[in-house]
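Content type mmCIF, C-alpha atoms, from the file query10.cif:
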```
data_run
#
loop_
_atom_site.label_atom_id
_atom_site.label_comp_id
_atom_site.auth_asym_id
_atom_site.auth_seq_id
_atom_site.Cartn_x
_atom_site.Cartn_y
_atom_site.Cartn_z
CA MET A 413 -29.24 35.31 -10.76
CA GLU A 414 -25.47 35.52 -10.93
CA ARG A 415 -24.14 38.74 -9.45
CA VAL A 416 -21.76 41.07 -11.25
CA SER A 417 -19.31 43.31 -9.39
CA HIS A 418 -17.99 46.43 -11.17
CA GLY A 419 -18.81 44.87 -14.52
CA ILE A 420 -16.84 41.71 -13.77
CA ARG A 421 -18.66 38.42 -13.24
CA ASN A 422 -18.22 36.95 -9.78
CA LEU A 423 -16.51 33.62 -9.30
CA VAL A 424 -19.23 31.24 -8.16
CA ILE A 425 -18.08 28.37 -5.96
CA SER A 426 -20.24 25.46 -4.79
CA VAL A 427 -19.41 23.61 -1.56
CA PRO A 428 -21.43 20.71 -0.12
CA THR A 429 -21.78 21.84 3.50
CA ARG A 430 -22.25 24.99 5.54
CA GLU A 431 -19.21 23.93 7.59
CA LEU A 432 -16.93 24.09 4.55
CA ALA A 433 -18.44 27.43 3.56
CA ASP A 434 -17.64 28.73 7.03
CA ASP A 435 -14.13 27.25 6.93
CA ILE A 436 -13.20 29.14 3.76
CA SER A 437 -14.74 32.43 4.95
CA PRO A 438 -14.18 35.24 4.49
CA VAL A 439 -13.78 34.83 0.73
CA PRO A 440 -12.30 37.65 -1.36
CA ASP A 441 -14.49 40.26 -2.97
CA GLY A 442 -15.94 38.99 -6.22
CA VAL A 443 -16.32 35.41 -4.98
CA GLU A 444 -19.73 33.96 -4.22
CA VAL A 445 -20.09 30.72 -2.27
CA VAL A 446 -23.19 28.56 -2.78
CA VAL A 447 -23.92 25.66 -0.42
CA TRP A 448 -25.12 22.76 -2.59
CA ALA A 449 -25.10 19.18 -1.27
CA MET A 450 -25.82 17.95 -4.81
CA GLU A 451 -28.90 16.07 -3.64
CA ASP A 452 -31.11 18.33 -5.78
CA PRO A 453 -30.70 19.79 -9.27
CA ALA A 454 -28.04 22.47 -9.67
CA PRO A 455 -29.15 25.86 -8.33
CA ARG A 456 -27.09 27.61 -11.04
CA ASP A 457 -26.34 26.87 -14.67
CA ARG A 458 -22.68 27.77 -14.18
CA PHE A 459 -20.05 27.32 -11.46
CA ASP A 460 -16.38 28.17 -11.55
CA MET A 461 -15.72 25.36 -9.06
CA VAL A 462 -17.86 22.61 -7.57
CA VAL A 463 -16.76 20.66 -4.50
CA PRO A 464 -18.82 17.43 -4.31
CA PRO A 465 -19.61 15.82 -0.94
CA TYR A 466 -16.96 13.53 0.52
CA MET A 467 -17.04 9.83 -0.39
CA SER A 468 -20.24 10.00 -2.47
CA MET A 469 -19.22 11.29 -5.89
CA SER A 470 -20.55 8.19 -7.62
CA LYS A 471 -24.04 9.19 -6.49
CA VAL A 472 -23.98 12.88 -7.33
CA LEU A 473 -21.70 13.72 -10.26
CA GLU A 474 -24.56 13.13 -12.67
CA ARG A 475 -26.04 16.34 -11.26
CA LEU A 476 -23.36 18.22 -13.22
CA GLU A 477 -24.70 17.03 -16.57
CA GLY A 478 -25.60 20.10 -18.58
CA VAL A 479 -24.06 22.49 -16.02
CA GLU A 480 -21.11 24.65 -17.04
CA VAL A 481 -18.36 23.93 -14.52
CA GLY A 482 -14.80 25.24 -14.59
CA LEU A 483 -13.37 22.78 -12.05
CA VAL A 484 -14.65 19.83 -10.03
CA GLN A 485 -12.59 19.64 -6.83
CA GLY A 486 -12.76 16.25 -5.13
CA GLN A 487 -12.13 15.70 -1.43
CA SER A 488 -10.26 12.38 -1.81
CA ILE A 489 -6.83 11.54 -3.13
CA GLY A 490 -8.11 8.56 -5.10
CA PHE A 491 -10.01 9.14 -8.31
CA ASP A 492 -10.32 5.67 -9.82
CA GLY A 493 -13.69 5.35 -11.52
CA VAL A 494 -14.29 9.12 -11.66
CA ALA A 495 -13.53 9.24 -15.39
CA ASP A 496 -16.45 6.88 -15.99
CA ILE A 497 -18.99 9.14 -14.24
CA LEU A 498 -17.60 12.64 -14.82
CA PRO A 499 -19.69 14.44 -17.45
CA ASP A 500 -17.84 15.05 -20.69
CA GLY A 501 -15.69 18.13 -20.88
CA LEU A 502 -15.25 18.72 -17.16
CA VAL A 503 -11.93 19.11 -15.36
CA PHE A 504 -11.36 17.17 -12.14
CA ALA A 505 -8.77 17.77 -9.40
CA ASN A 506 -8.09 15.38 -6.54
CA ALA A 507 -7.32 16.29 -2.94
CA ALA A 508 -3.58 15.72 -2.89
CA SER A 509 -2.14 17.44 0.22
CA VAL A 510 -5.24 16.68 2.34
CA HIS A 511 -5.12 13.03 3.39
CA GLU A 512 -1.49 11.91 3.15
CA THR A 513 -0.53 12.54 6.76
CA SER A 514 -3.65 10.98 8.28
CA THR A 515 -3.42 7.94 6.02
CA ALA A 516 0.22 7.50 6.94
CA GLU A 517 -0.68 7.77 10.64
CA LEU A 518 -3.25 5.02 10.23
CA ALA A 519 -0.78 2.86 8.33
CA LEU A 520 1.65 3.09 11.24
CA ALA A 521 -1.15 2.50 13.73
CA ILE A 522 -2.37 -0.74 12.14
CA ILE A 523 1.18 -1.97 11.55
CA LEU A 524 1.99 -1.45 15.22
CA ALA A 525 -1.35 -2.94 16.29
CA ALA A 526 -0.70 -6.07 14.25
CA GLN A 527 2.95 -6.42 15.27
CA ARG A 528 2.31 -5.85 18.98
CA HIS A 529 -0.95 -7.87 19.22
CA ILE A 530 -3.08 -4.89 20.25
CA PRO A 531 -6.38 -6.45 19.03
CA SER A 532 -5.84 -9.51 21.22
CA PHE A 533 -5.06 -7.29 24.20
CA VAL A 534 -8.29 -5.35 23.65
CA ARG A 535 -10.25 -8.60 23.54
CA ALA A 536 -8.49 -9.77 26.69
CA GLN A 537 -9.34 -6.47 28.40
CA ASP A 538 -13.01 -6.95 27.48
CA GLU A 539 -12.79 -10.32 29.25
CA HIS A 540 -10.75 -8.96 32.21
CA ARG A 541 -7.88 -11.31 31.32
CA TRP A 542 -4.16 -10.57 31.82
CA ALA A 543 -2.66 -12.12 28.68
CA PRO A 544 0.93 -11.06 27.94
CA VAL A 545 2.68 -12.22 24.76
CA PHE A 546 6.16 -11.85 23.29
CA ALA A 547 5.52 -9.82 20.14
CA ASP A 548 7.22 -8.95 16.87
CA SER A 549 8.84 -5.52 16.85
CA LEU A 550 8.56 -2.93 14.15
CA ALA A 551 12.18 -1.99 14.81
CA ASP A 552 14.66 -3.74 12.50
CA ARG A 553 11.93 -5.12 10.21
CA ARG A 554 12.39 -5.12 6.44
CA VAL A 555 9.50 -3.09 5.03
CA LEU A 556 8.60 -3.16 1.34
CA LEU A 557 6.70 0.05 0.54
CA ILE A 558 4.81 -0.30 -2.74
CA GLY A 559 3.77 3.13 -3.97
CA TYR A 560 5.96 6.20 -3.59
CA GLY A 561 3.57 9.06 -4.16
CA GLY A 562 2.29 11.40 -1.47
CA VAL A 563 0.99 8.69 0.85
CA GLY A 564 3.97 6.41 0.29
CA LYS A 565 6.44 9.16 1.10
CA ALA A 566 4.46 10.09 4.23
CA VAL A 567 4.53 6.46 5.37
CA ALA A 568 8.27 6.23 4.71
CA ALA A 569 8.90 9.38 6.75
CA ARG A 570 6.99 7.95 9.71
CA LEU A 571 8.71 4.56 9.49
CA ALA A 572 12.17 6.12 9.68
CA PRO A 573 12.15 6.85 13.44
CA PHE A 574 11.18 3.21 14.10
CA GLU A 575 14.57 2.06 12.80
CA THR A 576 13.12 -0.03 9.99
CA HIS A 577 14.75 -1.01 6.70
CA VAL A 578 12.48 0.47 4.02
CA THR A 579 12.63 -0.46 0.34
CA ALA A 580 10.48 1.74 -1.90
CA VAL A 581 8.80 0.47 -5.07
CA ALA A 582 6.94 2.43 -7.75
CA SER A 583 5.91 2.02 -11.36
CA ARG A 584 9.41 2.86 -12.55
CA ALA A 585 12.87 2.74 -11.01
CA ARG A 586 14.45 6.07 -10.12
CA VAL A 587 16.35 8.00 -7.49
CA GLU A 588 14.04 10.55 -5.85
CA ASP A 589 15.15 12.95 -3.14
CA GLY A 590 18.11 10.72 -2.48
CA THR A 591 15.97 7.57 -2.13
CA GLN A 592 16.48 4.59 -4.43
CA VAL A 593 13.05 3.67 -5.74
CA HIS A 594 12.76 0.25 -7.35
CA GLY A 595 10.47 -0.57 -10.28
CA VAL A 596 7.58 -3.02 -9.97
CA SER A 597 9.45 -5.33 -12.33
CA GLU A 598 11.84 -6.00 -9.43
CA LEU A 599 9.13 -7.34 -7.11
CA PRO A 600 9.97 -11.03 -7.68
CA GLU A 601 13.43 -10.37 -6.19
CA LEU A 602 12.20 -8.09 -3.40
CA LEU A 603 9.17 -9.96 -2.05
CA PRO A 604 11.02 -12.94 -0.50
CA GLU A 605 12.94 -10.55 1.78
CA ALA A 606 9.95 -8.48 2.94
CA GLU A 607 8.73 -8.93 6.50
CA ILE A 608 6.10 -6.18 6.11
CA VAL A 609 4.54 -5.05 2.83
CA VAL A 610 2.69 -1.72 2.74
CA LEU A 611 0.53 -0.96 -0.30
CA THR A 612 -0.24 2.73 -0.92
CA LEU A 613 -0.97 2.65 -4.65
CA PRO A 614 -4.05 4.17 -6.29
CA GLY A 615 -6.73 1.93 -7.75
CA GLY A 616 -7.49 1.33 -11.41
CA ASP A 617 -6.78 -1.26 -14.07
CA ALA A 618 -3.00 -0.75 -13.92
CA THR A 619 -2.78 -1.75 -10.26
CA LYS A 620 -5.67 -4.20 -9.91
CA HIS A 621 -4.57 -7.36 -8.07
CA ILE A 622 -0.92 -6.37 -8.07
CA ALA A 623 -0.89 -8.42 -4.87
CA ASP A 624 -2.16 -11.65 -6.42
CA ALA A 625 -1.62 -15.28 -5.42
CA ALA A 626 1.90 -15.35 -6.90
CA PHE A 627 2.82 -12.10 -5.13
CA LEU A 628 1.54 -13.36 -1.77
CA SER A 629 3.11 -16.79 -2.10
CA ALA A 630 6.50 -15.15 -2.68
CA LEU A 631 6.43 -13.54 0.77
CA PRO A 632 8.17 -15.28 3.67
CA ASP A 633 6.19 -17.04 6.39
CA GLY A 634 4.79 -14.64 8.96
CA ALA A 635 4.91 -11.56 6.72
CA LEU A 636 2.38 -8.79 7.34
CA VAL A 637 0.43 -7.41 4.34
CA VAL A 638 -0.87 -3.87 4.89
CA ASN A 639 -3.16 -2.02 2.49
CA VAL A 640 -3.99 1.69 2.85
CA GLY A 641 -4.34 2.28 -0.91
CA ARG A 642 -7.38 0.72 -2.57
CA GLY A 643 -9.02 -2.63 -1.95
CA SER A 644 -8.58 -3.64 -5.58
CA LEU A 645 -4.79 -3.83 -5.13
CA ILE A 646 -5.14 -7.24 -3.46
CA ASP A 647 -6.74 -10.44 -4.72
CA THR A 648 -8.93 -10.91 -1.66
CA ASP A 649 -9.52 -14.64 -2.17
CA ALA A 650 -5.78 -15.25 -2.41
CA LEU A 651 -5.18 -13.18 0.73
CA VAL A 652 -7.88 -15.04 2.66
CA ALA A 653 -6.30 -18.34 1.70
CA GLU A 654 -2.86 -17.27 2.93
CA VAL A 655 -4.12 -15.76 6.18
CA ALA A 656 -6.47 -18.69 6.87
CA SER A 657 -3.49 -21.05 6.54
CA GLY A 658 -1.65 -19.05 9.19
CA ARG A 659 1.23 -18.32 6.84
CA LEU A 660 0.61 -14.58 6.41
CA ARG A 661 -1.00 -11.81 8.46
CA THR A 662 -2.82 -8.73 7.21
CA ALA A 663 -3.91 -5.25 8.33
CA LEU A 664 -6.36 -3.51 6.01
CA ASP A 665 -7.90 -0.05 5.85
CA VAL A 666 -9.42 -0.85 2.44
CA THR A 667 -11.00 -4.05 1.16
CA ASP A 668 -12.48 -5.59 -1.95
CA PRO A 669 -15.46 -5.75 -1.71
CA GLU A 670 -16.11 -2.61 0.29
CA PRO A 671 -17.86 -2.32 2.66
CA LEU A 672 -16.82 -5.79 3.72
CA PRO A 673 -19.94 -8.01 4.01
CA GLU A 674 -20.76 -9.03 7.56
CA ASP A 675 -20.25 -12.73 6.76
CA HIS A 676 -16.85 -12.24 5.10
CA PRO A 677 -14.07 -14.45 6.52
CA LEU A 678 -11.67 -11.52 6.96
CA TRP A 679 -13.74 -10.35 9.95
CA THR A 680 -12.93 -13.43 12.01
CA LEU A 681 -9.65 -14.79 10.68
CA PRO A 682 -6.86 -14.89 13.27
CA GLY A 683 -4.11 -12.71 11.89
CA ALA A 684 -6.45 -10.26 10.14
CA LEU A 685 -7.04 -6.69 11.32
CA VAL A 686 -9.72 -4.74 9.41
CA VAL A 687 -10.60 -1.06 9.82
CA PRO A 688 -13.37 0.60 7.74
CA HIS A 689 -11.56 2.84 5.21
CA VAL A 690 -10.80 5.64 7.64
CA GLY A 691 -7.26 6.55 6.60
CA GLY A 692 -8.17 10.15 5.83
CA ALA A 693 -10.99 10.47 8.35
CA SER A 694 -9.35 12.56 11.04
CA SER A 695 -9.47 16.09 12.41
CA ALA A 696 -6.68 17.02 9.98
CA MET A 697 -9.05 16.70 7.01
CA ARG A 698 -11.37 19.66 7.52
CA PRO A 699 -8.76 22.46 7.71
CA ARG A 700 -6.72 20.90 4.90
CA VAL A 701 -9.73 20.68 2.58
CA ALA A 702 -10.47 24.32 3.38
CA ALA A 703 -6.88 25.30 2.63
CA LEU A 704 -6.98 23.48 -0.72
CA VAL A 705 -10.31 25.03 -1.73
CA THR A 706 -9.01 28.46 -0.74
CA ALA A 707 -5.85 27.93 -2.79
CA GLN A 708 -7.95 26.91 -5.80
CA ILE A 709 -10.11 30.04 -5.44
CA GLU A 710 -6.99 32.22 -5.43
CA ARG A 711 -5.64 30.48 -8.52
CA LEU A 712 -8.94 30.84 -10.36
CA ARG A 713 -9.07 34.54 -9.43
CA GLY A 714 -5.54 35.03 -10.68
CA GLY A 715 -6.06 33.17 -13.94
CA GLU A 716 -3.63 30.43 -12.90
CA ALA A 717 -4.03 26.73 -13.62
CA PRO A 718 -5.67 24.87 -10.69
CA LEU A 719 -3.69 22.46 -8.54
CA ASN A 720 -3.95 18.66 -8.63
CA VAL A 721 -5.75 18.31 -11.99
CA VAL A 722 -5.92 14.60 -12.80
CA LEU A 723 -8.71 14.45 -15.41
CA GLY A 724 -9.49 16.80 -18.26
CA GLY A 725 -7.71 20.07 -18.71
#
```

Would you put the structure from the file into structure tokens?
Amino acid sequence: MERVSHGIRNLVISVPTRELADDISPVPDGVEVVVWAMEDPAPRDRFDMVVPPYMSMSKVLERLEGVEVGLVQGQSIGFDGVADILPDGLVFANAASVHETSTAELALAIILAAQRHIPSFVRAQDEHRWAPVFADSLADRRVLLIGYGGVGKAVAARLAPFETHVTAVASRARVEDGTQVHGVSELPELLPEAEIVVLTLPGGDATKHIADAAFLSALPDGALVVNVGRGSLIDTDALVAEVASGRLRTALDVTDPEPLPEDHPLWTLPGALVVPHVGGASSAMRPRVAALVTAQIERLRGGEAPLNVVLGG
């Protein structure tokens, strides 16, 4: 039964793990935290906020059908597809502020790994071979950054010390924080000059296959295509064709399909580096999720609008 303190109903918050419950403790008076992994029916008929488990919302959001929920707080930045499975009438917030730095770190890591031939050195080490090569630098490269939201800006900030030439692209042209951001309509003029392309866009119909065969064919020989956004941004068949020909290289944190089947050509193509969607999977995540959930609790207690609402509301 829901507890009442001094005649005022407690805020009831659901989190998926005991670890997250511990991370947000102690909660203020009048806030009750329920640990619910969403594997079983809802233990309450009402929650002020529900935090679903990480990376498995498609399997559990149906548990909220018929439950009164003030806010569903996701643990990922991306929310493509959530509208299709979120019960009617619910409000959903994404985890902006949680994963941007880690995703940007990984973007830099796989760019550097691809440019400096790190995978081939690891294979040579496994074989006890000394195999030096003369590599492509990151310094002085022309980088086309497609997507200038939280992740894109974090990537741009980390590219700056490497003395790169970054051109930012977003859905519309603008000047933001002193940076000239180009519109996607300018891509035909920008792609032929790009030595490295970094995709940080969200998924969804508006961005599906933005990197299609025409996009890829417009890039110069030897260009590196990096995706830390969503796998659907790239036409995978077109990318495989370009990489298999030796004309382009790629470094991917996300793929389409995902997980990548074990017989997929991207696993073995020279010039392809694949990591298993781990951009946000670092030690930075846990305290940042806790900070976001804590901030949402404070806003709910104060009658303020929650942060990061992307659906409903």

With distances taken over only C-alpha atoms, the candidate from A:Leu520, A:Ile436, A:Ala717, A:Ala623 nearest Val503 in chain A is A:Ala717

**Asked** Expanded to explicit residues, what is the PyMOL selection byres ((chain A and resi 569) around 12) for this file, as a list in words?
**Response**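 In the shown coordinates, the PyMOL selection byres ((chain A and resi 569) around 12) covers Glu512, Thr513, Ala516, Glu517, Ala519, Leu520, Leu557, Tyr560, Gly562, Val563, Gly564, Lys565, Ala566, Val567, Ala568, Arg570, Leu571, Ala572, Pro573, Phe574, Glu575, Thr576, His577, Val578, Ala580 and Thr591 of chain A.
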
### Task
Would you write out, as an MDAnalysis selection string, every residue that the PyMOL selection byres ((chain A and resi 640) around 9) captures in this file?
chainID A and resid 515:516 518:519 563 610:613 638:639 641:643 663:666 689 691

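The shortest atom-to-atom distance to Asp552 in chain A, with only C-alpha atoms taken into account, belongs to A:Ile608 out of A:Ile608, A:Met467, A:Val427, A:Met461.
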
- Task: Tell me which protein, DNA and RNA residues are within 10 Å of Gly725 in chain A, counting all atoms listed in the file, leaving out same-chain ones fewer than 2 positions away, and put them as a PyMOL selection string.
- Result: chain A and resi 482-483+501-505+717-718+721-723

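You will find CA of Phe546 in chain A at 10.2 Å from CA of Gln527 in chain A.
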
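Of note, CA of Glu474 in chain A and CA of Val494 in chain A are spaced 11.1 Å apart.
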
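The gap separating CA of Ala507 in chain A from CA of Ser488 in chain A is 5.0 Å, in Å to one decimal.
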
Which residues, named as in the file, does the PyMOL selection byres ((chain A and resi 530) around 12) pick out? Answer as a PDB file with C-alpha atoms, keeping the file's coordinate frame.
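The resulting file, out.pdb, is reproduced below:
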```
ATOM      1  CA  ALA A 521      -1.150   2.500  13.730  1.00  0.00           C
ATOM      2  CA  ILE A 522      -2.370  -0.740  12.140  1.00  0.00           C
ATOM      3  CA  ILE A 523       1.180  -1.970  11.550  1.00  0.00           C
ATOM      4  CA  LEU A 524       1.990  -1.450  15.220  1.00  0.00           C
ATOM      5  CA  ALA A 525      -1.350  -2.940  16.290  1.00  0.00           C
ATOM      6  CA  ALA A 526      -0.700  -6.070  14.250  1.00  0.00           C
ATOM      7  CA  GLN A 527       2.950  -6.420  15.270  1.00  0.00           C
ATOM      8  CA  ARG A 528       2.310  -5.850  18.980  1.00  0.00           C
ATOM      9  CA  HIS A 529      -0.950  -7.870  19.220  1.00  0.00           C
ATOM     10  CA  PRO A 531      -6.380  -6.450  19.030  1.00  0.00           C
ATOM     11  CA  SER A 532      -5.840  -9.510  21.220  1.00  0.00           C
ATOM     12  CA  PHE A 533      -5.060  -7.290  24.200  1.00  0.00           C
ATOM     13  CA  VAL A 534      -8.290  -5.350  23.650  1.00  0.00           C
ATOM     14  CA  ARG A 535     -10.250  -8.600  23.540  1.00  0.00           C
ATOM     15  CA  ALA A 536      -8.490  -9.770  26.690  1.00  0.00           C
ATOM     16  CA  GLN A 537      -9.340  -6.470  28.400  1.00  0.00           C
ATOM     17  CA  ALA A 543      -2.660 -12.120  28.680  1.00  0.00           C
ATOM     18  CA  PRO A 544       0.930 -11.060  27.940  1.00  0.00           C
ATOM     19  CA  VAL A 545       2.680 -12.220  24.760  1.00  0.00           C
ATOM     20  CA  PHE A 546       6.160 -11.850  23.290  1.00  0.00           C
ATOM     21  CA  ALA A 547       5.520  -9.820  20.140  1.00  0.00           C
ATOM     22  CA  ASP A 548       7.220  -8.950  16.870  1.00  0.00           C
ATOM     23  CA  ALA A 663      -3.910  -5.250   8.330  1.00  0.00           C
ATOM     24  CA  GLY A 683      -4.110 -12.710  11.890  1.00  0.00           C
ATOM     25  CA  ALA A 684      -6.450 -10.260  10.140  1.00  0.00           C
ATOM     26  CA  LEU A 685      -7.040  -6.690  11.320  1.00  0.00           C
TER      27      LEU A 685
END
```

Env of Asp633 in chain A: 12 Å cut, atoms = all atoms listed in the file, seq-sep filter 4 positions within chain, self excluded. Answer as a list of chain:residue names.
A:Leu603, A:Pro604, A:Glu605, A:Ala606, A:Glu607, A:Ile608, A:Leu628, A:Ser629, A:Val637, A:Glu654, A:Val655, A:Ser657, A:Gly658, A:Arg659, A:Leu660, A:Arg661

Take the structure in the block and write a file for range 466-517 of chain A, C-alpha atoms, as an mmCIF file, in the first residue's frame.
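Saved result, out.cif, follows:
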```
data_model
loop_
_atom_site.group_PDB
_atom_site.id
_atom_site.type_symbol
_atom_site.label_atom_id
_atom_site.label_comp_id
_atom_site.auth_asym_id
_atom_site.auth_seq_id
_atom_site.Cartn_x
_atom_site.Cartn_y
_atom_site.Cartn_z
ATOM 1 C CA TYR A 466 19.179 -0.285 -19.610
ATOM 2 C CA MET A 467 19.052 -1.426 -23.244
ATOM 3 C CA SER A 468 15.930 -3.583 -22.884
ATOM 4 C CA MET A 469 12.973 -1.207 -23.051
ATOM 5 C CA SER A 470 11.519 -2.992 -26.069
ATOM 6 C CA LYS A 471 11.007 -6.057 -23.874
ATOM 7 C CA VAL A 472 9.544 -4.423 -20.780
ATOM 8 C CA LEU A 473 7.601 -1.240 -21.541
ATOM 9 C CA GLU A 474 4.445 -3.278 -22.070
ATOM 10 C CA ARG A 475 4.518 -3.849 -18.304
ATOM 11 C CA LEU A 476 3.401 -0.225 -17.920
ATOM 12 C CA GLU A 477 0.103 -0.846 -19.697
ATOM 13 C CA GLY A 478 -2.666 0.054 -17.283
ATOM 14 C CA VAL A 479 -0.240 1.523 -14.718
ATOM 15 C CA GLU A 480 -0.464 5.210 -13.846
ATOM 16 C CA VAL A 481 3.007 6.644 -14.454
ATOM 17 C CA GLY A 482 4.036 10.284 -14.232
ATOM 18 C CA LEU A 483 7.362 9.922 -16.066
ATOM 19 C CA VAL A 484 9.280 7.131 -17.778
ATOM 20 C CA GLN A 485 12.998 7.941 -17.498
ATOM 21 C CA GLY A 486 15.132 6.071 -20.017
ATOM 22 C CA GLN A 487 18.824 5.343 -19.532
ATOM 23 C CA SER A 488 19.854 5.909 -23.175
ATOM 24 C CA ILE A 489 20.131 9.039 -25.270
ATOM 25 C CA GLY A 490 18.454 7.407 -28.263
ATOM 26 C CA PHE A 491 14.716 6.888 -28.224
ATOM 27 C CA ASP A 492 13.920 5.809 -31.779
ATOM 28 C CA GLY A 493 11.169 3.209 -31.699
ATOM 29 C CA VAL A 494 10.073 4.073 -28.153
ATOM 30 C CA ALA A 495 6.958 5.885 -29.405
ATOM 31 C CA ASP A 496 5.780 2.629 -30.961
ATOM 32 C CA ILE A 497 5.944 0.683 -27.680
ATOM 33 C CA LEU A 498 5.254 3.342 -25.040
ATOM 34 C CA PRO A 499 1.724 2.909 -23.663
ATOM 35 C CA ASP A 500 -0.614 5.726 -24.615
ATOM 36 C CA GLY A 501 -0.580 8.795 -22.438
ATOM 37 C CA LEU A 502 2.835 8.293 -20.858
ATOM 38 C CA VAL A 503 5.645 10.851 -20.828
ATOM 39 C CA PHE A 504 9.158 9.705 -21.736
ATOM 40 C CA ALA A 505 12.498 11.405 -21.033
ATOM 41 C CA ASN A 506 15.810 10.308 -22.495
ATOM 42 C CA ALA A 507 19.182 10.254 -20.748
ATOM 43 C CA ALA A 508 20.758 13.348 -22.255
ATOM 44 C CA SER A 509 23.781 14.324 -20.095
ATOM 45 C CA VAL A 510 24.658 10.685 -19.296
ATOM 46 C CA HIS A 511 26.379 9.168 -22.334
ATOM 47 C CA GLU A 512 27.765 12.046 -24.394
ATOM 48 C CA THR A 513 31.269 12.062 -22.946
ATOM 49 C CA SER A 514 31.759 8.290 -23.062
ATOM 50 C CA THR A 515 30.406 8.063 -26.607
ATOM 51 C CA ALA A 516 32.719 10.858 -27.694
ATOM 52 C CA GLU A 517 35.657 9.066 -26.045
#
```
